[in-house]
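**Student:** Below you'll find final-v1.txt; it's compact mmCIF, C-alpha atoms and all ligand atoms.
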# COMPACT_ATOMS: atom_id res chain seq x y z
CA MET A 1 19.91 -20.01 15.41
CA GLU A 2 21.91 -18.51 12.51
CA LYS A 3 20.94 -19.65 9.07
CA LYS A 4 23.86 -21.64 7.65
CA LYS A 5 24.70 -21.60 4.01
CA GLU A 6 27.32 -24.37 3.53
CA ARG A 7 26.38 -26.32 0.44
CA LYS A 8 27.43 -29.68 1.90
CA ASN A 9 24.52 -29.53 4.34
CA LYS A 10 21.92 -28.53 1.77
CA TYR A 11 20.90 -32.01 0.79
CA ILE A 12 20.06 -33.52 4.12
CA PRO A 13 16.59 -34.85 3.32
CA ASN A 14 13.78 -33.02 5.13
CA LEU A 15 16.16 -30.44 6.64
CA ALA A 16 17.23 -28.84 3.38
CA GLU A 17 14.61 -26.12 3.85
CA PHE A 18 16.70 -24.75 6.70
CA TYR A 19 19.52 -23.89 4.29
CA PHE A 20 17.25 -22.59 1.56
CA LYS A 21 17.17 -18.98 0.39
CA PRO A 22 14.16 -17.68 -1.59
CA ASP A 23 14.94 -16.47 -5.12
CA TYR A 24 13.60 -12.96 -4.39
CA ASP A 25 12.99 -11.32 -1.06
CA TRP A 26 11.99 -7.89 0.24
CA SER A 27 12.10 -6.37 3.70
CA ILE A 28 8.82 -4.93 5.00
CA GLU A 29 10.04 -1.41 4.18
CA GLU A 30 11.02 -2.40 0.62
CA ALA A 31 7.70 -4.18 0.04
CA LYS A 32 5.76 -1.18 1.36
CA LYS A 33 7.74 1.21 -0.85
CA LEU A 34 7.09 -0.90 -3.97
CA PHE A 35 3.40 -1.06 -3.09
CA SER A 36 3.08 2.69 -2.42
CA SER A 37 5.01 3.68 -5.54
CA LYS A 38 2.43 1.91 -7.75
CA LYS A 39 -0.69 3.23 -6.01
CA ASN A 40 -3.12 4.99 -8.34
CA LYS A 41 -6.80 5.83 -8.45
CA ASN A 42 -7.69 3.04 -10.89
CA LEU A 43 -6.31 0.27 -8.68
CA ASP A 44 -7.70 -1.61 -5.69
CA LYS A 45 -11.25 -1.57 -7.01
CA ILE A 46 -14.01 -4.09 -7.60
CA PHE A 47 -16.27 -3.51 -10.60
CA TYR A 48 -19.75 -5.02 -10.47
CA LYS A 49 -20.05 -6.17 -14.05
CA ASP A 50 -19.50 -9.10 -16.39
CA CYS A 51 -15.83 -10.05 -16.33
CA VAL A 52 -15.47 -10.34 -20.10
CA ASP A 53 -16.68 -6.75 -20.57
CA GLY A 54 -14.38 -5.73 -17.73
CA MET A 55 -11.33 -7.54 -19.10
CA ARG A 56 -11.90 -5.95 -22.53
CA ASP A 57 -11.61 -2.51 -20.88
CA LEU A 58 -8.20 -3.29 -19.35
CA LEU A 59 -5.04 -2.01 -20.99
CA PRO A 60 -2.82 -4.50 -22.85
CA GLU A 61 -0.07 -6.08 -20.72
CA SER A 62 -1.36 -4.44 -17.54
CA ILE A 63 -1.79 -7.44 -15.22
CA ASP A 64 0.94 -9.37 -13.40
CA LEU A 65 -1.16 -12.22 -12.04
CA ILE A 66 -4.67 -13.60 -12.54
CA ILE A 67 -6.45 -15.76 -10.01
CA ALA A 68 -9.70 -17.08 -11.45
CA ASP A 69 -12.21 -19.28 -9.67
CA PRO A 70 -15.13 -19.34 -12.11
CA PRO A 71 -18.50 -20.98 -11.48
CA PHE A 72 -18.05 -24.68 -12.18
CA GLY A 73 -21.22 -25.17 -14.28
CA LEU A 74 -22.79 -27.40 -11.65
CA ASP A 75 -26.24 -25.89 -11.32
CA PHE A 76 -25.09 -24.48 -8.01
CA THR A 77 -26.74 -21.68 -6.02
CA GLY A 78 -24.48 -21.75 -2.97
CA LYS A 79 -27.48 -22.59 -0.81
CA GLU A 80 -27.50 -26.37 -1.27
CA SER A 81 -28.17 -28.25 1.97
CA LEU A 82 -25.59 -30.90 1.12
CA TYR A 83 -22.92 -28.33 1.95
CA ASN A 84 -24.16 -28.50 5.52
CA ARG A 85 -24.53 -24.82 6.13
CA ASN A 86 -27.20 -22.36 7.04
CA SER A 87 -28.41 -20.92 3.75
CA GLU A 88 -29.75 -17.75 5.39
CA TYR A 89 -26.14 -16.46 5.56
CA VAL A 90 -25.50 -17.09 1.86
CA VAL A 91 -25.99 -14.02 -0.32
CA ASP A 92 -28.54 -14.43 -3.14
CA GLY A 93 -27.67 -14.03 -6.78
CA TYR A 94 -24.64 -16.33 -7.21
CA GLN A 95 -24.27 -16.49 -10.98
CA GLU A 96 -23.93 -20.05 -12.29
CA ILE A 97 -23.37 -21.02 -15.91
CA LYS A 98 -25.59 -23.56 -17.64
CA ILE A 99 -23.69 -26.68 -18.56
CA THR A 100 -24.77 -26.27 -22.21
CA ASP A 101 -23.12 -22.79 -22.26
CA TYR A 102 -20.03 -23.74 -20.26
CA LYS A 103 -17.54 -24.19 -23.10
CA LYS A 104 -18.61 -20.96 -24.83
CA PHE A 105 -18.48 -19.03 -21.54
CA THR A 106 -15.06 -20.48 -20.64
CA SER A 107 -13.53 -19.66 -24.03
CA ARG A 108 -14.85 -16.08 -23.85
CA TRP A 109 -13.04 -15.18 -20.64
CA ILE A 110 -9.90 -17.29 -21.06
CA LEU A 111 -9.28 -15.84 -24.54
CA GLU A 112 -9.08 -12.36 -22.95
CA ILE A 113 -6.09 -13.35 -20.79
CA PRO A 114 -3.14 -13.23 -23.25
CA ARG A 115 -3.81 -9.59 -24.22
CA ILE A 116 -3.99 -8.20 -20.67
CA LEU A 117 -1.26 -10.32 -19.06
CA LYS A 118 2.29 -8.95 -18.88
CA THR A 119 4.97 -11.04 -20.59
CA HIS A 120 6.26 -12.34 -17.24
CA GLY A 121 2.72 -12.84 -15.89
CA SER A 122 0.87 -15.97 -14.85
CA ALA A 123 -2.65 -17.18 -14.14
CA TYR A 124 -4.07 -19.75 -11.75
CA ILE A 125 -7.38 -21.13 -13.01
CA PHE A 126 -9.49 -23.21 -10.64
CA SER A 127 -11.74 -26.00 -11.85
CA GLY A 128 -13.78 -28.88 -10.52
CA TRP A 129 -13.17 -32.21 -12.24
CA THR A 130 -16.53 -32.39 -14.02
CA ASN A 131 -15.95 -29.40 -16.32
CA LEU A 132 -12.19 -29.53 -16.52
CA LEU A 133 -12.15 -30.38 -20.23
CA PRO A 134 -13.60 -27.06 -21.51
CA ILE A 135 -11.07 -25.21 -19.33
CA LEU A 136 -8.14 -27.21 -20.74
CA GLN A 137 -9.43 -26.78 -24.30
CA SER A 138 -9.81 -23.03 -23.82
CA ILE A 139 -6.29 -22.75 -22.40
CA GLU A 140 -4.98 -24.50 -25.50
CA GLU A 141 -7.00 -22.24 -27.82
CA SER A 142 -5.68 -19.14 -26.04
CA GLY A 143 -2.01 -20.01 -26.63
CA LEU A 144 -1.26 -19.84 -22.90
CA ILE A 145 1.26 -22.41 -21.69
CA LEU A 146 0.23 -24.90 -19.01
CA ARG A 147 3.17 -25.06 -16.56
CA ASN A 148 1.62 -27.16 -13.79
CA HIS A 149 -1.57 -29.00 -13.24
CA LEU A 150 -1.90 -28.54 -9.50
CA ILE A 151 -4.27 -30.43 -7.23
CA TRP A 152 -5.76 -28.75 -4.19
CA GLN A 153 -6.87 -31.39 -1.71
CA TYR A 154 -9.33 -30.16 0.91
CA ASN A 155 -10.71 -31.61 4.09
CA PHE A 156 -14.30 -31.90 3.06
CA ALA A 157 -16.18 -34.24 0.76
CA VAL A 158 -19.86 -34.72 0.14
CA PHE A 159 -20.74 -38.29 1.18
CA THR A 160 -21.31 -40.71 -1.71
CA LYS A 161 -22.47 -44.33 -1.55
CA LYS A 162 -21.58 -45.71 -4.96
CA LYS A 163 -18.42 -43.81 -5.86
CA PHE A 164 -15.44 -42.13 -4.20
CA ALA A 165 -16.21 -38.89 -2.38
CA SER A 166 -14.49 -36.06 -4.21
CA SER A 167 -12.19 -33.82 -2.18
CA HIS A 168 -10.02 -32.01 -4.70
CA TYR A 169 -9.99 -29.13 -7.14
CA HIS A 170 -7.75 -28.69 -10.15
CA ILE A 171 -5.64 -25.55 -10.46
CA LEU A 172 -4.19 -24.87 -13.87
CA TYR A 173 -1.06 -22.77 -13.53
CA VAL A 174 -0.54 -21.10 -16.92
CA VAL A 175 1.92 -18.54 -18.24
CA LYS A 176 2.29 -16.36 -21.29
CA ASP A 177 6.01 -16.70 -21.96
CA GLU A 178 7.85 -19.65 -20.42
CA LYS A 179 11.26 -18.03 -20.89
CA ASN A 180 10.36 -14.79 -19.07
CA VAL A 181 7.92 -15.91 -16.43
CA PHE A 182 8.24 -14.50 -12.89
CA PHE A 183 8.33 -17.32 -10.35
CA ASN A 184 9.67 -16.80 -6.85
CA ARG A 185 10.65 -20.11 -5.30
CA ILE A 186 9.89 -19.29 -1.69
CA LYS A 187 10.25 -22.80 -0.31
CA HIS A 188 12.94 -25.40 -0.91
CA TYR A 189 10.61 -28.17 -2.05
CA GLU A 190 7.06 -27.65 -3.20
CA THR A 191 5.04 -30.30 -4.96
CA ASP A 192 2.05 -29.88 -7.25
CA THR A 193 -0.36 -31.33 -4.66
CA TRP A 194 -1.45 -28.82 -2.07
CA THR A 195 -3.33 -29.95 1.02
CA ILE A 196 -5.04 -26.95 2.57
CA SER A 197 -8.10 -27.02 4.82
CA ARG A 198 -11.18 -25.00 4.22
CA LYS A 199 -11.98 -23.03 7.34
CA TYR A 200 -15.65 -22.72 8.16
CA LYS A 201 -16.93 -19.48 9.56
CA PRO A 202 -20.47 -20.18 10.69
CA ASN A 203 -22.99 -17.35 11.02
CA GLN A 204 -21.12 -15.00 8.69
CA THR A 205 -22.65 -13.61 5.54
CA LYS A 206 -20.89 -14.98 2.48
CA ASN A 207 -21.05 -15.57 -1.25
CA GLY A 208 -21.89 -19.13 -2.36
CA THR A 209 -18.34 -20.56 -2.42
CA LYS A 210 -15.10 -19.41 -0.86
CA LEU A 211 -11.49 -20.43 -1.38
CA PRO A 212 -9.23 -20.58 1.68
CA ASN A 213 -7.09 -17.45 2.12
CA ASP A 214 -3.94 -19.59 2.50
CA LEU A 215 -4.49 -21.22 -0.87
CA VAL A 216 -4.82 -17.91 -2.69
CA ARG A 217 -1.92 -16.36 -0.76
CA LYS A 218 0.26 -19.24 -1.91
CA CYS A 219 -0.42 -18.46 -5.59
CA ILE A 220 0.23 -14.75 -4.95
CA ASN A 221 3.49 -15.33 -3.10
CA TYR A 222 4.97 -17.64 -5.74
CA SER A 223 3.88 -15.63 -8.75
CA SER A 224 4.02 -11.92 -7.93
CA LYS A 225 6.11 -9.22 -6.31
CA PRO A 226 5.03 -6.58 -3.79
CA GLY A 227 3.37 -3.73 -5.72
CA ASP A 228 2.21 -6.05 -8.56
CA LEU A 229 -1.34 -5.98 -9.89
CA VAL A 230 -3.53 -9.06 -9.33
CA LEU A 231 -6.80 -9.54 -11.22
CA ASP A 232 -9.66 -11.78 -10.11
CA PRO A 233 -12.42 -11.91 -12.75
CA PHE A 234 -14.80 -13.83 -10.39
CA THR A 235 -14.46 -11.99 -7.09
CA GLY A 236 -17.07 -13.80 -4.94
CA ASN A 237 -16.13 -13.01 -1.33
CA ALA A 238 -12.99 -11.10 -2.44
CA THR A 239 -10.59 -13.76 -1.16
CA THR A 240 -8.03 -12.80 -3.84
CA GLN A 241 -8.34 -9.09 -3.08
CA ILE A 242 -7.99 -9.64 0.67
CA ALA A 243 -4.93 -11.85 0.12
CA SER A 244 -3.45 -9.25 -2.26
CA LYS A 245 -4.02 -6.30 0.06
CA GLY A 246 -2.54 -8.21 3.00
CA GLU A 247 0.60 -9.09 1.00
CA PHE A 248 1.26 -5.55 -0.36
CA ARG A 249 -0.14 -6.34 -3.83
CA HIS A 250 -2.65 -4.21 -5.74
CA TYR A 251 -5.86 -5.71 -7.09
CA ILE A 252 -8.72 -5.35 -9.53
CA GLY A 253 -11.81 -7.52 -9.49
CA PHE A 254 -15.04 -8.16 -11.37
CA GLU A 255 -18.21 -9.61 -9.89
CA ILE A 256 -21.55 -9.85 -11.66
CA ASN A 257 -23.64 -10.32 -8.50
CA LYS A 258 -24.26 -6.85 -7.04
CA ASN A 259 -25.89 -8.39 -3.93
CA VAL A 260 -22.47 -9.40 -2.66
CA ARG A 261 -21.11 -5.84 -2.67
CA GLU A 262 -21.69 -5.17 1.03
CA THR A 263 -20.01 -8.45 2.04
CA ILE A 264 -17.05 -7.66 -0.22
CA GLU A 265 -16.67 -4.14 1.21
CA ASN A 266 -16.85 -5.42 4.79
CA ASN A 267 -14.31 -8.14 4.02
CA LEU A 268 -11.90 -5.66 2.45
CA ASP A 269 -12.25 -3.23 5.35
CA SER A 270 -11.28 -6.01 7.74
CA ILE A 271 -7.68 -6.17 6.47
CA LYS A 272 -4.90 -3.58 6.49
CA GLU A 273 -2.47 -3.05 3.60
CA GLY A 274 0.50 -5.40 4.09
CA GLU A 275 -0.96 -6.92 7.25
CA ASN A 276 0.24 -10.44 6.38
CA TYR A 277 3.48 -9.51 4.66
CA LYS A 278 6.62 -11.02 6.11
CA PRO A 279 9.97 -11.25 4.29
CA TYR A 280 10.14 -14.70 2.68
CA HIS A 281 13.25 -15.87 4.52
CA GLU A 282 11.29 -15.40 7.75
CA ARG A 283 8.56 -17.75 6.50
CA ILE A 284 10.94 -20.71 6.21
CA SER A 285 10.70 -23.31 8.98
CA SER A 286 13.28 -22.99 11.75
CA ILE A 287 15.53 -25.93 12.60
CA GLU A 288 13.49 -26.43 15.77
CA GLU A 289 10.26 -26.74 13.76
CA LEU A 290 11.90 -29.14 11.31
CA ALA A 291 13.36 -31.19 14.20
CA LYS A 292 9.87 -31.61 15.60
CA LYS A 293 8.50 -32.66 12.23
CA TYR A 294 11.37 -35.00 11.27
CA PRO A 295 12.92 -36.23 14.56
CA LYS A 296 14.84 -39.15 13.00
CA THR A 297 16.46 -37.01 10.31
CA TYR A 298 17.31 -34.44 12.95
CA ASP A 299 19.12 -37.10 15.01
CA VAL A 300 21.22 -38.06 11.98
CA TYR A 301 21.91 -34.38 11.34
CA LYS A 302 23.04 -33.76 14.95
CA LYS A 303 25.39 -36.76 14.83
CA LYS A 304 26.83 -35.48 11.54
CA ILE A 305 27.40 -32.00 12.97
CA ILE A 306 29.21 -33.48 15.99
CA LYS A 307 31.29 -35.75 13.72
CA ASP A 308 32.18 -32.86 11.36
CA SER A 309 33.18 -30.61 14.26
CA ASN A 310 35.45 -33.36 15.65
CA ILE A 311 37.17 -33.74 12.27
CA SER A 312 37.86 -30.04 11.77
C1 LIG B 1 -16.72 -19.71 -7.51
S1 LIG B 1 -17.26 -18.10 -7.12
C2 LIG B 1 -15.77 -17.26 -6.65
C3 LIG B 1 -15.45 -17.42 -5.21
C4 LIG B 1 -14.21 -16.69 -4.78
N1 LIG B 1 -13.02 -17.28 -5.34
C5 LIG B 1 -14.09 -16.66 -3.26
O1 LIG B 1 -13.13 -17.24 -2.70
O2 LIG B 1 -14.95 -16.09 -2.62
C6 LIG B 1 -17.60 -17.45 -8.70
C7 LIG B 1 -18.18 -16.03 -8.70
O3 LIG B 1 -18.22 -15.56 -10.05
C8 LIG B 1 -19.39 -14.76 -10.21
N2 LIG B 1 -19.66 -14.70 -11.67
C9 LIG B 1 -20.29 -15.60 -12.44
N3 LIG B 1 -20.27 -15.21 -13.73
C10 LIG B 1 -19.62 -14.04 -13.77
C11 LIG B 1 -19.24 -13.15 -14.82
N4 LIG B 1 -19.57 -13.39 -16.08
N5 LIG B 1 -18.53 -12.04 -14.50
C12 LIG B 1 -18.18 -11.78 -13.22
N6 LIG B 1 -18.52 -12.58 -12.18
C13 LIG B 1 -19.20 -13.70 -12.45
C14 LIG B 1 -20.44 -15.49 -9.38
O4 LIG B 1 -21.52 -14.64 -9.04
C15 LIG B 1 -19.60 -15.92 -8.16
O5 LIG B 1 -19.64 -14.94 -7.16
So, in terms of structure tokens, how does the structure I just supplied come out?

**Tutor:**
Amino acid sequence: MEKKKERKNKYIPNLAEFYFKPDYDWSIEEAKKLFSSKKNKNLDKIFYKDCVDGMRDLLPESIDLIIADPPFGLDFTGKESLYNRNSEYVVDGYQEIKITDYKKFTSRWILEIPRILKTHGSAYIFSGWTNLLPILQSIEESGLILRNHLIWQYNFAVFTKKKFASSHYHILYVVKDEKNVFFNRIKHYETDTWTISRKYKPNQTKNGTKLPNDLVRKCINYSSKPGDLVLDPFTGNATTQIASKGEFRHYIGFEINKNVRETIENNLDSIKEGENYKPYHERISSIEELAKKYPKTYDVYKKKIIKDSNIS
């Protein structure tokens, strides 16, 4: 079905997405060209070193987007049995931060962001709820502007008897310059609560924790263009780098745990450049998909279309 653009139909609740046009869009050829034109020998690399040292080596205003999922200061090794997984597949050496050092550690890396971020750039900083305060304090100290406090709700919670089982992370979406920030609205209506499942891949070697690819791709698609440079200071399994490569974005990453190198290299080899890229208008739900999701609204819409066509 042709995508209609008449304004009068835009505000039908639940079906408005059908009439929506993303702010920026690129064909596959355009995205590929942008990506290829910015290729150079210093990009698309993971450096096995402390991220603060690594960030200090980066040129000023060189990064378009930062996705940072630091250790949460929870005395975590990735091998805990409460996470219901076979610890023999978890790579040793996950670097946690002692709770007593957490504020100092957090300030050190967050204070590096304003220098390396481009004026239009943004950062998504992940945090558990227990050590959220040092992250918020460090954001304030850095002068970065908090644009959204997103909640990622996931489908897994460790059972608790005397309190609510926790099943969310915080994502602090911060920018350097509110007036010049790049933000591509790719969906008509997006709230600040994202429900995305964690997919479990049993019997695969992995780093202690892993974000879902879809979650990271969402940040990348809203806040960068094809060919842009995405930095992840805490690479882990290379979820950010895989998402970037698959969406025609360049990447740089730091990871202190050298044991995870082989897993990272295998993960990166498993995806082709631009493999997941699709022009944004093609990612919008079709009227058939929306009709299935909102059958009552679709009935009203059909009646309105018939009525309008009888009038004209
Ligand atoms: C929460 S995990 C990141 C997981 C990743 N987002 C993923 O989806 O796989 C944090 C990672 O940061 C690494 N790390 C801890 N301190 C670091 C530091 N100072 N510099 C670089 N990496 C560090 C840990 O070894 C761990 O692999």

**Student:** Show me which residues line ligand LIG 1 (chain B), defined as having an atom within 6 Å of a ligand atom where all atoms listed in the file count, and present them as a list of chain:residue names.

**Tutor:**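 So, counting all atoms listed in the file, the residues near ligand LIG 1 (chain B) are A:Lys49, A:Asp50, A:Cys51, A:Asp69, A:Pro70, A:Pro71, A:Tyr94, A:Gln95, A:Glu96, A:Thr209, A:Lys210, A:Leu211, A:Pro233, A:Phe234, A:Thr235, A:Gly236, A:Asn237, A:Ala238, A:Thr239, A:Phe254, A:Glu255, A:Ile256, A:Asn257.
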
**Student:** Take CA of Ser270 in chain A and CA of Gly121 in chain A and report the distance between them in Å, one decimal.

**Tutor:**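 Atom-to-atom, CA of Ser270 in chain A and CA of Gly121 in chain A are spaced 28.3 Å apart.
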
**Student:** Given the choices A:His120, A:Lys33, A:Pro134, A:Glu112, which gets closest to Gly73 in chain A if the distance is worked out from all atoms listed in the file?

**Tutor:**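 For Gly73 in chain A, the nearest of the given residues is A:Pro134.
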
**Student:** How many Å lie between CA of Ile271 in chain A and CA of Phe182 in chain A, rounded to one decimal?

**Tutor:**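 Result for CA of Ile271 in chain A versus CA of Phe182 in chain A: 26.4 Å, one decimal.
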
**Student:** What is the CA of Phe47 in chain A to CA of Asn259 in chain A distance in Å?

**Tutor:** 12.7 Å
